[in-house]
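Here's model.cif, which has mmCIF, N, CA and C atoms:
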```
data_model
#
loop_
_atom_site.label_atom_id
_atom_site.label_comp_id
_atom_site.auth_asym_id
_atom_site.auth_seq_id
_atom_site.Cartn_x
_atom_site.Cartn_y
_atom_site.Cartn_z
N MET A 22 72.99 75.96 3.20
CA MET A 22 72.37 74.71 3.62
C MET A 22 71.23 75.06 4.56
N SER A 23 70.08 74.51 4.32
CA SER A 23 68.90 74.82 5.11
C SER A 23 68.41 73.58 5.83
N GLU A 24 68.05 73.73 7.10
CA GLU A 24 67.54 72.60 7.87
C GLU A 24 66.23 72.07 7.28
N THR A 25 65.55 72.87 6.48
CA THR A 25 64.29 72.45 5.87
C THR A 25 64.53 71.28 4.93
N TYR A 26 65.67 71.26 4.26
CA TYR A 26 65.94 70.26 3.23
C TYR A 26 66.92 69.19 3.66
N PHE A 27 67.74 69.44 4.66
CA PHE A 27 68.76 68.50 5.08
C PHE A 27 68.55 68.09 6.54
N GLN A 28 68.74 66.81 6.79
CA GLN A 28 68.70 66.33 8.15
C GLN A 28 70.14 66.23 8.65
N PRO A 29 70.38 66.51 9.91
CA PRO A 29 71.74 66.40 10.43
C PRO A 29 72.17 64.93 10.53
N LYS A 30 73.48 64.71 10.42
CA LYS A 30 74.02 63.37 10.64
C LYS A 30 73.89 63.01 12.11
N SER A 31 74.02 64.03 12.97
CA SER A 31 73.86 63.77 14.41
C SER A 31 73.49 65.06 15.12
N ARG A 32 72.96 64.89 16.31
CA ARG A 32 72.63 66.01 17.20
C ARG A 32 73.09 65.64 18.59
N VAL A 33 73.60 66.64 19.30
CA VAL A 33 74.11 66.39 20.65
C VAL A 33 73.70 67.55 21.55
N LEU A 34 73.19 67.22 22.72
CA LEU A 34 72.89 68.23 23.73
C LEU A 34 74.16 68.44 24.55
N MET A 35 74.66 69.66 24.58
CA MET A 35 75.92 69.94 25.27
C MET A 35 75.72 69.96 26.78
N MET A 36 76.62 69.29 27.47
CA MET A 36 76.50 69.08 28.91
C MET A 36 77.64 69.77 29.67
N PRO A 37 77.46 70.00 30.96
CA PRO A 37 78.48 70.72 31.76
C PRO A 37 79.85 70.06 31.78
N ARG A 38 79.93 68.75 31.64
CA ARG A 38 81.23 68.06 31.71
C ARG A 38 82.18 68.48 30.59
N ASP A 39 81.63 69.09 29.52
CA ASP A 39 82.44 69.44 28.36
C ASP A 39 82.85 70.91 28.32
N THR A 40 82.70 71.62 29.44
CA THR A 40 83.02 73.06 29.44
C THR A 40 84.47 73.32 29.82
N ASN A 41 84.95 74.45 29.32
CA ASN A 41 86.28 74.92 29.69
C ASN A 41 86.15 75.94 30.83
N ALA A 42 87.26 76.57 31.20
CA ALA A 42 87.24 77.52 32.31
C ALA A 42 86.41 78.77 32.01
N SER A 43 86.16 79.04 30.73
CA SER A 43 85.35 80.21 30.35
C SER A 43 83.85 79.91 30.36
N GLY A 44 83.50 78.64 30.60
CA GLY A 44 82.09 78.26 30.65
C GLY A 44 81.49 77.90 29.30
N THR A 45 82.32 77.79 28.27
CA THR A 45 81.84 77.35 26.96
C THR A 45 82.36 75.94 26.70
N ILE A 46 81.82 75.31 25.68
CA ILE A 46 82.22 73.94 25.35
C ILE A 46 83.60 73.95 24.71
N PHE A 47 84.46 73.03 25.14
CA PHE A 47 85.80 72.90 24.57
C PHE A 47 85.72 72.72 23.06
N GLY A 48 86.59 73.39 22.32
CA GLY A 48 86.67 73.21 20.87
C GLY A 48 86.99 71.77 20.50
N GLY A 49 87.80 71.10 21.31
CA GLY A 49 88.16 69.71 21.04
C GLY A 49 86.97 68.77 21.11
N VAL A 50 86.02 69.09 21.97
CA VAL A 50 84.79 68.28 22.06
C VAL A 50 84.00 68.43 20.77
N ILE A 51 83.88 69.67 20.29
CA ILE A 51 83.17 69.91 19.03
C ILE A 51 83.90 69.21 17.89
N LEU A 52 85.23 69.27 17.86
CA LEU A 52 86.00 68.60 16.81
C LEU A 52 85.78 67.09 16.81
N SER A 53 85.66 66.51 17.98
CA SER A 53 85.40 65.07 18.07
C SER A 53 84.06 64.72 17.44
N TYR A 54 83.02 65.51 17.74
CA TYR A 54 81.72 65.26 17.13
C TYR A 54 81.73 65.51 15.63
N ILE A 55 82.49 66.51 15.19
CA ILE A 55 82.64 66.78 13.76
C ILE A 55 83.25 65.56 13.08
N ASP A 56 84.29 65.01 13.68
CA ASP A 56 84.97 63.84 13.12
C ASP A 56 84.02 62.65 13.01
N GLN A 57 83.20 62.45 14.02
CA GLN A 57 82.24 61.34 13.99
C GLN A 57 81.19 61.53 12.90
N ALA A 58 80.66 62.74 12.76
CA ALA A 58 79.64 63.00 11.73
C ALA A 58 80.25 62.82 10.34
N GLY A 59 81.46 63.32 10.15
CA GLY A 59 82.13 63.18 8.85
C GLY A 59 82.41 61.73 8.51
N ALA A 60 82.82 60.95 9.50
CA ALA A 60 83.08 59.52 9.27
C ALA A 60 81.80 58.80 8.90
N GLU A 61 80.69 59.18 9.50
CA GLU A 61 79.42 58.57 9.14
C GLU A 61 79.10 58.84 7.67
N GLU A 62 79.35 60.07 7.22
CA GLU A 62 79.11 60.40 5.81
C GLU A 62 80.03 59.59 4.90
N ALA A 63 81.30 59.43 5.29
CA ALA A 63 82.23 58.64 4.49
C ALA A 63 81.75 57.20 4.35
N ILE A 64 81.22 56.65 5.42
CA ILE A 64 80.70 55.28 5.38
C ILE A 64 79.45 55.21 4.50
N CYS A 65 78.63 56.25 4.54
CA CYS A 65 77.46 56.30 3.65
C CYS A 65 77.88 56.33 2.18
N GLN A 66 79.09 56.77 1.91
CA GLN A 66 79.59 56.86 0.54
C GLN A 66 80.32 55.59 0.09
N GLY A 67 80.30 54.55 0.90
CA GLY A 67 80.87 53.26 0.49
C GLY A 67 82.13 52.84 1.21
N ALA A 68 82.68 53.70 2.06
CA ALA A 68 83.84 53.31 2.85
C ALA A 68 83.39 52.29 3.90
N ARG A 69 84.29 51.43 4.33
CA ARG A 69 83.93 50.41 5.32
C ARG A 69 84.47 50.75 6.70
N ARG A 70 85.73 51.17 6.73
CA ARG A 70 86.39 51.52 7.98
C ARG A 70 87.30 52.69 7.64
N VAL A 71 87.16 53.78 8.33
CA VAL A 71 87.93 54.97 7.96
C VAL A 71 88.82 55.46 9.08
N VAL A 72 89.90 56.10 8.65
CA VAL A 72 90.78 56.83 9.57
C VAL A 72 90.84 58.26 9.07
N THR A 73 90.93 59.17 9.99
CA THR A 73 91.02 60.59 9.65
C THR A 73 92.46 60.91 9.30
N VAL A 74 92.67 61.50 8.11
CA VAL A 74 94.03 61.87 7.72
C VAL A 74 94.25 63.37 7.70
N ALA A 75 93.19 64.15 7.58
CA ALA A 75 93.34 65.60 7.59
C ALA A 75 92.04 66.25 8.03
N MET A 76 92.19 67.29 8.83
CA MET A 76 91.05 68.12 9.20
C MET A 76 91.48 69.55 8.85
N ASN A 77 90.92 70.06 7.77
CA ASN A 77 91.33 71.36 7.24
C ASN A 77 90.25 72.40 7.42
N GLN A 78 90.67 73.63 7.33
CA GLN A 78 89.74 74.75 7.31
C GLN A 78 88.74 74.70 8.45
N VAL A 79 89.23 74.44 9.64
CA VAL A 79 88.36 74.47 10.82
C VAL A 79 88.15 75.93 11.21
N VAL A 80 86.90 76.33 11.28
CA VAL A 80 86.59 77.71 11.65
C VAL A 80 85.55 77.68 12.77
N PHE A 81 85.88 78.33 13.88
CA PHE A 81 84.94 78.47 14.99
C PHE A 81 84.31 79.85 14.87
N HIS A 82 83.03 79.90 14.52
CA HIS A 82 82.33 81.17 14.33
C HIS A 82 81.75 81.72 15.63
N GLU A 83 81.18 80.85 16.44
CA GLU A 83 80.50 81.26 17.67
C GLU A 83 80.79 80.23 18.76
N PRO A 84 80.77 80.64 20.02
CA PRO A 84 80.93 79.67 21.10
C PRO A 84 79.70 78.77 21.22
N VAL A 85 79.89 77.63 21.84
CA VAL A 85 78.80 76.71 22.15
C VAL A 85 78.68 76.67 23.66
N PHE A 86 77.43 76.69 24.14
CA PHE A 86 77.17 76.76 25.57
C PHE A 86 76.50 75.49 26.07
N VAL A 87 76.62 75.25 27.37
CA VAL A 87 75.89 74.16 28.01
C VAL A 87 74.41 74.36 27.72
N GLY A 88 73.74 73.27 27.33
CA GLY A 88 72.32 73.32 27.04
C GLY A 88 72.00 73.54 25.58
N ASP A 89 73.01 73.91 24.77
CA ASP A 89 72.78 74.05 23.34
C ASP A 89 72.55 72.68 22.71
N LEU A 90 71.58 72.59 21.83
CA LEU A 90 71.38 71.39 21.03
C LEU A 90 72.12 71.63 19.73
N VAL A 91 73.19 70.90 19.52
CA VAL A 91 74.09 71.15 18.40
C VAL A 91 73.87 70.10 17.32
N SER A 92 73.72 70.58 16.08
CA SER A 92 73.46 69.70 14.93
C SER A 92 74.66 69.72 14.00
N PHE A 93 75.00 68.54 13.47
CA PHE A 93 76.16 68.36 12.60
C PHE A 93 75.67 67.93 11.22
N TYR A 94 75.83 68.82 10.25
CA TYR A 94 75.38 68.58 8.87
C TYR A 94 76.59 68.26 8.00
N THR A 95 76.45 67.27 7.13
CA THR A 95 77.57 66.89 6.27
C THR A 95 77.26 67.17 4.81
N GLU A 96 78.33 67.43 4.08
CA GLU A 96 78.25 67.64 2.64
C GLU A 96 79.43 66.92 1.99
N LEU A 97 79.16 66.05 1.05
CA LEU A 97 80.21 65.34 0.35
C LEU A 97 80.97 66.31 -0.54
N ILE A 98 82.29 66.33 -0.42
CA ILE A 98 83.13 67.18 -1.26
C ILE A 98 83.74 66.35 -2.39
N ARG A 99 84.26 65.17 -2.04
CA ARG A 99 84.96 64.36 -3.04
C ARG A 99 85.07 62.92 -2.58
N VAL A 100 84.91 62.00 -3.54
CA VAL A 100 85.21 60.58 -3.31
C VAL A 100 86.35 60.22 -4.25
N GLY A 101 87.46 59.78 -3.68
CA GLY A 101 88.60 59.33 -4.47
C GLY A 101 88.62 57.81 -4.52
N ARG A 102 89.75 57.26 -4.91
CA ARG A 102 89.88 55.81 -4.98
C ARG A 102 89.84 55.19 -3.59
N THR A 103 90.58 55.78 -2.64
CA THR A 103 90.62 55.24 -1.28
C THR A 103 90.19 56.27 -0.23
N SER A 104 89.88 57.49 -0.66
CA SER A 104 89.58 58.53 0.32
C SER A 104 88.24 59.21 0.05
N VAL A 105 87.73 59.83 1.10
CA VAL A 105 86.49 60.60 1.04
C VAL A 105 86.74 61.91 1.78
N THR A 106 86.36 63.03 1.14
CA THR A 106 86.47 64.34 1.78
C THR A 106 85.06 64.87 2.03
N VAL A 107 84.84 65.33 3.25
CA VAL A 107 83.52 65.75 3.71
C VAL A 107 83.63 67.11 4.38
N LYS A 108 82.65 67.97 4.14
CA LYS A 108 82.54 69.22 4.88
C LYS A 108 81.46 69.02 5.94
N VAL A 109 81.75 69.44 7.15
CA VAL A 109 80.79 69.35 8.24
C VAL A 109 80.50 70.77 8.72
N ARG A 110 79.23 71.11 8.75
CA ARG A 110 78.78 72.40 9.29
C ARG A 110 78.06 72.13 10.61
N VAL A 111 78.39 72.94 11.58
CA VAL A 111 77.82 72.75 12.91
C VAL A 111 76.93 73.95 13.23
N LYS A 112 75.71 73.63 13.63
CA LYS A 112 74.75 74.68 13.98
C LYS A 112 74.19 74.38 15.36
N SER A 113 74.05 75.43 16.14
CA SER A 113 73.35 75.30 17.40
C SER A 113 71.88 75.49 17.07
N ALA A 114 71.14 74.40 17.07
CA ALA A 114 69.74 74.43 16.67
C ALA A 114 68.84 75.03 17.73
N ARG A 115 69.33 75.07 18.93
CA ARG A 115 68.50 75.66 20.00
C ARG A 115 69.42 76.27 21.04
N ARG A 116 69.52 77.55 21.04
CA ARG A 116 70.29 78.24 22.08
C ARG A 116 69.46 78.22 23.35
N PHE A 117 70.10 77.90 24.44
CA PHE A 117 69.38 77.79 25.71
C PHE A 117 68.73 79.10 26.10
N ASP A 118 69.26 80.22 25.62
CA ASP A 118 68.74 81.51 26.05
C ASP A 118 67.74 82.15 25.08
N ARG A 119 67.81 81.79 23.79
CA ARG A 119 66.97 82.49 22.82
C ARG A 119 66.24 81.57 21.85
N GLY A 120 66.61 80.34 21.75
CA GLY A 120 65.96 79.43 20.82
C GLY A 120 66.28 79.72 19.36
N ARG A 121 67.42 80.32 19.08
CA ARG A 121 67.76 80.66 17.70
C ARG A 121 68.81 79.70 17.14
N ILE A 122 68.87 79.63 15.81
CA ILE A 122 69.88 78.80 15.14
C ILE A 122 71.10 79.66 14.84
N VAL A 123 72.27 79.15 15.21
CA VAL A 123 73.52 79.88 15.04
C VAL A 123 74.55 78.97 14.38
N ASP A 124 75.24 79.45 13.35
CA ASP A 124 76.37 78.71 12.78
C ASP A 124 77.51 78.81 13.77
N VAL A 125 78.00 77.66 14.25
CA VAL A 125 79.05 77.72 15.27
C VAL A 125 80.42 77.28 14.77
N THR A 126 80.47 76.27 13.92
CA THR A 126 81.76 75.75 13.48
C THR A 126 81.60 75.08 12.12
N GLU A 127 82.69 75.00 11.37
CA GLU A 127 82.70 74.21 10.15
C GLU A 127 84.11 73.68 9.94
N ALA A 128 84.21 72.57 9.24
CA ALA A 128 85.50 71.96 8.95
C ALA A 128 85.39 71.06 7.73
N GLU A 129 86.52 70.85 7.09
CA GLU A 129 86.61 69.91 5.98
C GLU A 129 87.55 68.79 6.40
N ILE A 130 87.10 67.55 6.27
CA ILE A 130 87.86 66.39 6.76
C ILE A 130 88.07 65.40 5.63
N THR A 131 89.27 64.82 5.58
CA THR A 131 89.56 63.76 4.62
C THR A 131 89.79 62.47 5.40
N TYR A 132 89.11 61.42 4.96
CA TYR A 132 89.21 60.09 5.55
C TYR A 132 89.79 59.14 4.52
N VAL A 133 90.53 58.14 4.98
CA VAL A 133 91.00 57.08 4.11
C VAL A 133 90.33 55.79 4.55
N ASN A 134 89.81 55.07 3.58
CA ASN A 134 89.20 53.76 3.80
C ASN A 134 90.34 52.76 3.99
N VAL A 135 90.31 51.98 5.07
CA VAL A 135 91.40 51.05 5.35
C VAL A 135 90.89 49.63 5.56
N ASP A 136 91.80 48.69 5.33
CA ASP A 136 91.46 47.29 5.58
C ASP A 136 91.75 46.95 7.04
N GLY A 137 91.63 45.69 7.40
CA GLY A 137 91.84 45.25 8.78
C GLY A 137 93.23 45.48 9.31
N ASP A 138 94.21 45.64 8.41
CA ASP A 138 95.59 45.91 8.81
C ASP A 138 95.92 47.40 8.79
N GLY A 139 94.92 48.22 8.49
CA GLY A 139 95.13 49.66 8.47
C GLY A 139 95.73 50.19 7.18
N ARG A 140 95.74 49.37 6.14
CA ARG A 140 96.26 49.82 4.84
C ARG A 140 95.13 50.38 3.99
N PRO A 141 95.43 51.41 3.18
CA PRO A 141 94.39 51.97 2.31
C PRO A 141 93.75 50.90 1.44
N MET A 142 92.44 51.00 1.30
CA MET A 142 91.67 50.04 0.53
C MET A 142 90.69 50.82 -0.34
N PRO A 143 90.49 50.42 -1.59
CA PRO A 143 89.56 51.15 -2.45
C PRO A 143 88.16 51.25 -1.84
N ILE A 144 87.54 52.40 -2.05
CA ILE A 144 86.16 52.61 -1.61
C ILE A 144 85.27 51.59 -2.33
N GLY A 145 84.37 50.96 -1.59
CA GLY A 145 83.45 50.00 -2.18
C GLY A 145 84.04 48.61 -2.39
N ASP A 146 85.29 48.38 -1.92
CA ASP A 146 85.91 47.06 -2.06
C ASP A 146 85.08 46.04 -1.28
N PRO A 147 84.64 44.97 -1.91
CA PRO A 147 83.75 44.00 -1.25
C PRO A 147 84.46 43.06 -0.26
N ARG A 148 85.78 43.20 -0.10
CA ARG A 148 86.50 42.29 0.80
C ARG A 148 86.03 42.34 2.23
N GLY A 149 85.47 43.48 2.62
CA GLY A 149 85.05 43.61 4.02
C GLY A 149 86.23 43.92 4.90
N VAL A 150 85.97 44.05 6.16
CA VAL A 150 86.98 44.42 7.13
C VAL A 150 86.92 43.46 8.31
N GLU A 151 88.05 42.89 8.61
CA GLU A 151 88.16 42.06 9.82
C GLU A 151 88.56 42.96 10.96
N VAL A 152 87.75 42.98 11.99
CA VAL A 152 88.05 43.85 13.13
C VAL A 152 88.47 43.03 14.32
#
```
Turn the structure described in the file into structure tokens.
Amino acid sequence: MSETYFQPKSRVLMMPRDTNASGTIFGGVILSYIDQAGAEEAICQGARRVVTVAMNQVVFHEPVFVGDLVSFYTELIRVGRTSVTVKVRVKSARRFDRGRIVDVTEAEITYVNVDGDGRPMPIGDPRGVEV
């Protein structure tokens, strides 16, 4: 995947509040942003309201540091009747120390489209969602 051809679903500048005792960004913070980017992709694919049912194959390749501008790229893996599976690749688009792009994390997430009562609902169902 090349930044030349794909735009990220989101970008976040990492801040000091999200660091662990080692001075790097908590993995859980990165996972939260991954989940948000993946959910956005699921909604782009016709889901209305999604819940995360699985986060598989999470791989942390490199640490993320305060000041890194982190980009979250999505790739559609599968659209089922009620679910959407998305791969999210995370790249540090600007390292505070060198200005280089680094692959930092990737994960595959499955979301289920749900109705207002939290029950699975077919993707693209025109009923809408009461919130």
Picked residues, the PyMOL selection byres ((chain A and resi 131-145) around 8), as a ChimeraX atom specification: /A:59-60,63,66-77,101-108,128-130,146-152
Interatomic distance (Å, one decimal) between CA of Ile122 in chain A and CA of Met36 in chain A: 18.1 Å
Need to verify the contact set: Ile46 in chain A, 6.5 Å, only N, CA and C atoms, exclusion of same-chain residues closer than 2 positions in sequence. Can you return it as an mmCIF file with N, CA and C atoms, in the coordinates of the input?
```cif
data_model
loop_
_atom_site.group_PDB
_atom_site.id
_atom_site.type_symbol
_atom_site.label_atom_id
_atom_site.label_comp_id
_atom_site.auth_asym_id
_atom_site.auth_seq_id
_atom_site.Cartn_x
_atom_site.Cartn_y
_atom_site.Cartn_z
ATOM 1 N N ASP A 39 81.630 69.090 29.520
ATOM 2 C CA ASP A 39 82.440 69.440 28.360
ATOM 3 C C ASP A 39 82.850 70.910 28.320
ATOM 4 N N THR A 40 82.700 71.620 29.440
ATOM 5 C CA THR A 40 83.020 73.060 29.440
ATOM 6 C C THR A 40 84.470 73.320 29.820
ATOM 7 N N ASN A 41 84.950 74.450 29.320
ATOM 8 C CA ASN A 41 86.280 74.920 29.690
ATOM 9 C C ASN A 41 86.150 75.940 30.830
ATOM 10 N N GLY A 44 83.500 78.640 30.600
ATOM 11 C CA GLY A 44 82.090 78.260 30.650
ATOM 12 C C GLY A 44 81.490 77.900 29.300
ATOM 13 N N GLY A 48 86.590 73.390 22.320
ATOM 14 C CA GLY A 48 86.670 73.210 20.870
ATOM 15 C C GLY A 48 86.990 71.770 20.500
ATOM 16 N N GLY A 49 87.800 71.100 21.310
ATOM 17 C CA GLY A 49 88.160 69.710 21.040
ATOM 18 C C GLY A 49 86.970 68.770 21.110
ATOM 19 N N VAL A 50 86.020 69.090 21.970
ATOM 20 C CA VAL A 50 84.790 68.280 22.060
ATOM 21 C C VAL A 50 84.000 68.430 20.770
ATOM 22 N N ILE A 51 83.880 69.670 20.290
ATOM 23 C CA ILE A 51 83.170 69.910 19.030
ATOM 24 C C ILE A 51 83.900 69.210 17.890
ATOM 25 N N PRO A 84 80.770 80.640 20.020
ATOM 26 C CA PRO A 84 80.930 79.670 21.100
ATOM 27 C C PRO A 84 79.700 78.770 21.220
ATOM 28 N N VAL A 85 79.890 77.630 21.840
ATOM 29 C CA VAL A 85 78.800 76.710 22.150
ATOM 30 C C VAL A 85 78.680 76.670 23.660
ATOM 31 N N PHE A 86 77.430 76.690 24.140
ATOM 32 C CA PHE A 86 77.170 76.760 25.570
ATOM 33 C C PHE A 86 76.500 75.490 26.070
ATOM 34 N N VAL A 87 76.620 75.250 27.370
ATOM 35 C CA VAL A 87 75.890 74.160 28.010
ATOM 36 C C VAL A 87 74.410 74.360 27.720
#
```
Residues selected by the PyMOL selection byres (((chain A and resi 110 and name CA) around 6) and name CA), written as a PyMOL selection string: chain A and resi 93-94+109+111+127
One-decimal distance in Å that lies between atom N of Glu62 in chain A and atom N of Leu97 in chain A: 8.6 Å
Distance criterion (only C-alpha atoms): nearest to Lys30 in chain A out of A:Gln57, A:Asp124, A:Val80, A:Val100: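 Under the stated criterion, the closest residue is A:Gln57.
When atom C of Leu34 in chain A is paired with atom N of Ser92 in chain A, their separation reads 8.7 Å.
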Members of range 36-141 of chain A assigned strand (DSSP E) by DSSP, as a PyMOL selection string: chain A and resi 71-81+90-100+104-115+123-134
Please, could you write that set of residues out with N, CA and C atoms as a CSV table (one decimal), in the coordinates of the input?
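And here's out-v1.csv as it stands now:
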```
chain,number,residue,atom,x,y,z
A,71,VAL,N,87.2,53.8,8.3
A,71,VAL,CA,87.9,55.0,8.0
A,71,VAL,C,88.8,55.5,9.1
A,72,VAL,N,89.9,56.1,8.6
A,72,VAL,CA,90.8,56.8,9.6
A,72,VAL,C,90.8,58.3,9.1
A,73,THR,N,90.9,59.2,10.0
A,73,THR,CA,91.0,60.6,9.6
A,73,THR,C,92.5,60.9,9.3
A,74,VAL,N,92.7,61.5,8.1
A,74,VAL,CA,94.0,61.9,7.7
A,74,VAL,C,94.2,63.4,7.7
A,75,ALA,N,93.2,64.2,7.6
A,75,ALA,CA,93.3,65.6,7.6
A,75,ALA,C,92.0,66.2,8.0
A,76,MET,N,92.2,67.3,8.8
A,76,MET,CA,91.0,68.1,9.2
A,76,MET,C,91.5,69.6,8.8
A,77,ASN,N,90.9,70.1,7.8
A,77,ASN,CA,91.3,71.4,7.2
A,77,ASN,C,90.2,72.4,7.4
A,78,GLN,N,90.7,73.6,7.3
A,78,GLN,CA,89.7,74.8,7.3
A,78,GLN,C,88.7,74.7,8.4
A,79,VAL,N,89.2,74.4,9.6
A,79,VAL,CA,88.4,74.5,10.8
A,79,VAL,C,88.2,75.9,11.2
A,80,VAL,N,86.9,76.3,11.3
A,80,VAL,CA,86.6,77.7,11.6
A,80,VAL,C,85.6,77.7,12.8
A,81,PHE,N,85.9,78.3,13.9
A,81,PHE,CA,84.9,78.5,15.0
A,81,PHE,C,84.3,79.8,14.9
A,90,LEU,N,71.6,72.6,21.8
A,90,LEU,CA,71.4,71.4,21.0
A,90,LEU,C,72.1,71.6,19.7
A,91,VAL,N,73.2,70.9,19.5
A,91,VAL,CA,74.1,71.2,18.4
A,91,VAL,C,73.9,70.1,17.3
A,92,SER,N,73.7,70.6,16.1
A,92,SER,CA,73.5,69.7,14.9
A,92,SER,C,74.7,69.7,14.0
A,93,PHE,N,75.0,68.5,13.5
A,93,PHE,CA,76.2,68.4,12.6
A,93,PHE,C,75.7,67.9,11.2
A,94,TYR,N,75.8,68.8,10.2
A,94,TYR,CA,75.4,68.6,8.9
A,94,TYR,C,76.6,68.3,8.0
A,95,THR,N,76.4,67.3,7.1
A,95,THR,CA,77.6,66.9,6.3
A,95,THR,C,77.3,67.2,4.8
A,96,GLU,N,78.3,67.4,4.1
A,96,GLU,CA,78.2,67.6,2.6
A,96,GLU,C,79.4,66.9,2.0
A,97,LEU,N,79.2,66.0,1.0
A,97,LEU,CA,80.2,65.3,0.4
A,97,LEU,C,81.0,66.3,-0.5
A,98,ILE,N,82.3,66.3,-0.4
A,98,ILE,CA,83.1,67.2,-1.3
A,98,ILE,C,83.7,66.4,-2.4
A,99,ARG,N,84.3,65.2,-2.0
A,99,ARG,CA,85.0,64.4,-3.0
A,99,ARG,C,85.1,62.9,-2.6
A,100,VAL,N,84.9,62.0,-3.5
A,100,VAL,CA,85.2,60.6,-3.3
A,100,VAL,C,86.4,60.2,-4.2
A,104,SER,N,89.9,57.5,-0.7
A,104,SER,CA,89.6,58.5,0.3
A,104,SER,C,88.2,59.2,0.0
A,105,VAL,N,87.7,59.8,1.1
A,105,VAL,CA,86.5,60.6,1.0
A,105,VAL,C,86.7,61.9,1.8
A,106,THR,N,86.4,63.0,1.1
A,106,THR,CA,86.5,64.3,1.8
A,106,THR,C,85.1,64.9,2.0
A,107,VAL,N,84.8,65.3,3.2
A,107,VAL,CA,83.5,65.8,3.7
A,107,VAL,C,83.6,67.1,4.4
A,108,LYS,N,82.6,68.0,4.1
A,108,LYS,CA,82.5,69.2,4.9
A,108,LYS,C,81.5,69.0,5.9
A,109,VAL,N,81.8,69.4,7.2
A,109,VAL,CA,80.8,69.4,8.2
A,109,VAL,C,80.5,70.8,8.7
A,110,ARG,N,79.2,71.1,8.8
A,110,ARG,CA,78.8,72.4,9.3
A,110,ARG,C,78.1,72.1,10.6
A,111,VAL,N,78.4,72.9,11.6
A,111,VAL,CA,77.8,72.8,12.9
A,111,VAL,C,76.9,74.0,13.2
A,112,LYS,N,75.7,73.6,13.6
A,112,LYS,CA,74.8,74.7,14.0
A,112,LYS,C,74.2,74.4,15.4
A,113,SER,N,74.0,75.4,16.1
A,113,SER,CA,73.4,75.3,17.4
A,113,SER,C,71.9,75.5,17.1
A,114,ALA,N,71.1,74.4,17.1
A,114,ALA,CA,69.7,74.4,16.7
A,114,ALA,C,68.8,75.0,17.7
A,115,ARG,N,69.3,75.1,18.9
A,115,ARG,CA,68.5,75.7,20.0
A,115,ARG,C,69.4,76.3,21.0
A,123,VAL,N,72.3,79.2,15.2
A,123,VAL,CA,73.5,79.9,15.0
A,123,VAL,C,74.6,79.0,14.4
A,124,ASP,N,75.2,79.4,13.4
A,124,ASP,CA,76.4,78.7,12.8
A,124,ASP,C,77.5,78.8,13.8
A,125,VAL,N,78.0,77.7,14.2
A,125,VAL,CA,79.0,77.7,15.3
A,125,VAL,C,80.4,77.3,14.8
A,126,THR,N,80.5,76.3,13.9
A,126,THR,CA,81.8,75.8,13.5
A,126,THR,C,81.6,75.1,12.1
A,127,GLU,N,82.7,75.0,11.4
A,127,GLU,CA,82.7,74.2,10.2
A,127,GLU,C,84.1,73.7,9.9
A,128,ALA,N,84.2,72.6,9.2
A,128,ALA,CA,85.5,72.0,9.0
A,128,ALA,C,85.4,71.1,7.7
A,129,GLU,N,86.5,70.8,7.1
A,129,GLU,CA,86.6,69.9,6.0
A,129,GLU,C,87.6,68.8,6.4
A,130,ILE,N,87.1,67.6,6.3
A,130,ILE,CA,87.9,66.4,6.8
A,130,ILE,C,88.1,65.4,5.6
A,131,THR,N,89.3,64.8,5.6
A,131,THR,CA,89.6,63.8,4.6
A,131,THR,C,89.8,62.5,5.4
A,132,TYR,N,89.1,61.4,5.0
A,132,TYR,CA,89.2,60.1,5.6
A,132,TYR,C,89.8,59.1,4.5
A,133,VAL,N,90.5,58.1,5.0
A,133,VAL,CA,91.0,57.1,4.1
A,133,VAL,C,90.3,55.8,4.6
A,134,ASN,N,89.8,55.1,3.6
A,134,ASN,CA,89.2,53.8,3.8
A,134,ASN,C,90.3,52.8,4.0
```
Need the axis-aligned box for range 125-135 of chain A with 5 Å each side, so what are the centre and edges in Å to one decimal, as AutoDock Vina command-line options?
```
--center_x 84.7 --center_y 63.7 --center_z 9.4 --size_x 23.4 --size_y 38.1 --size_z 21.7
```
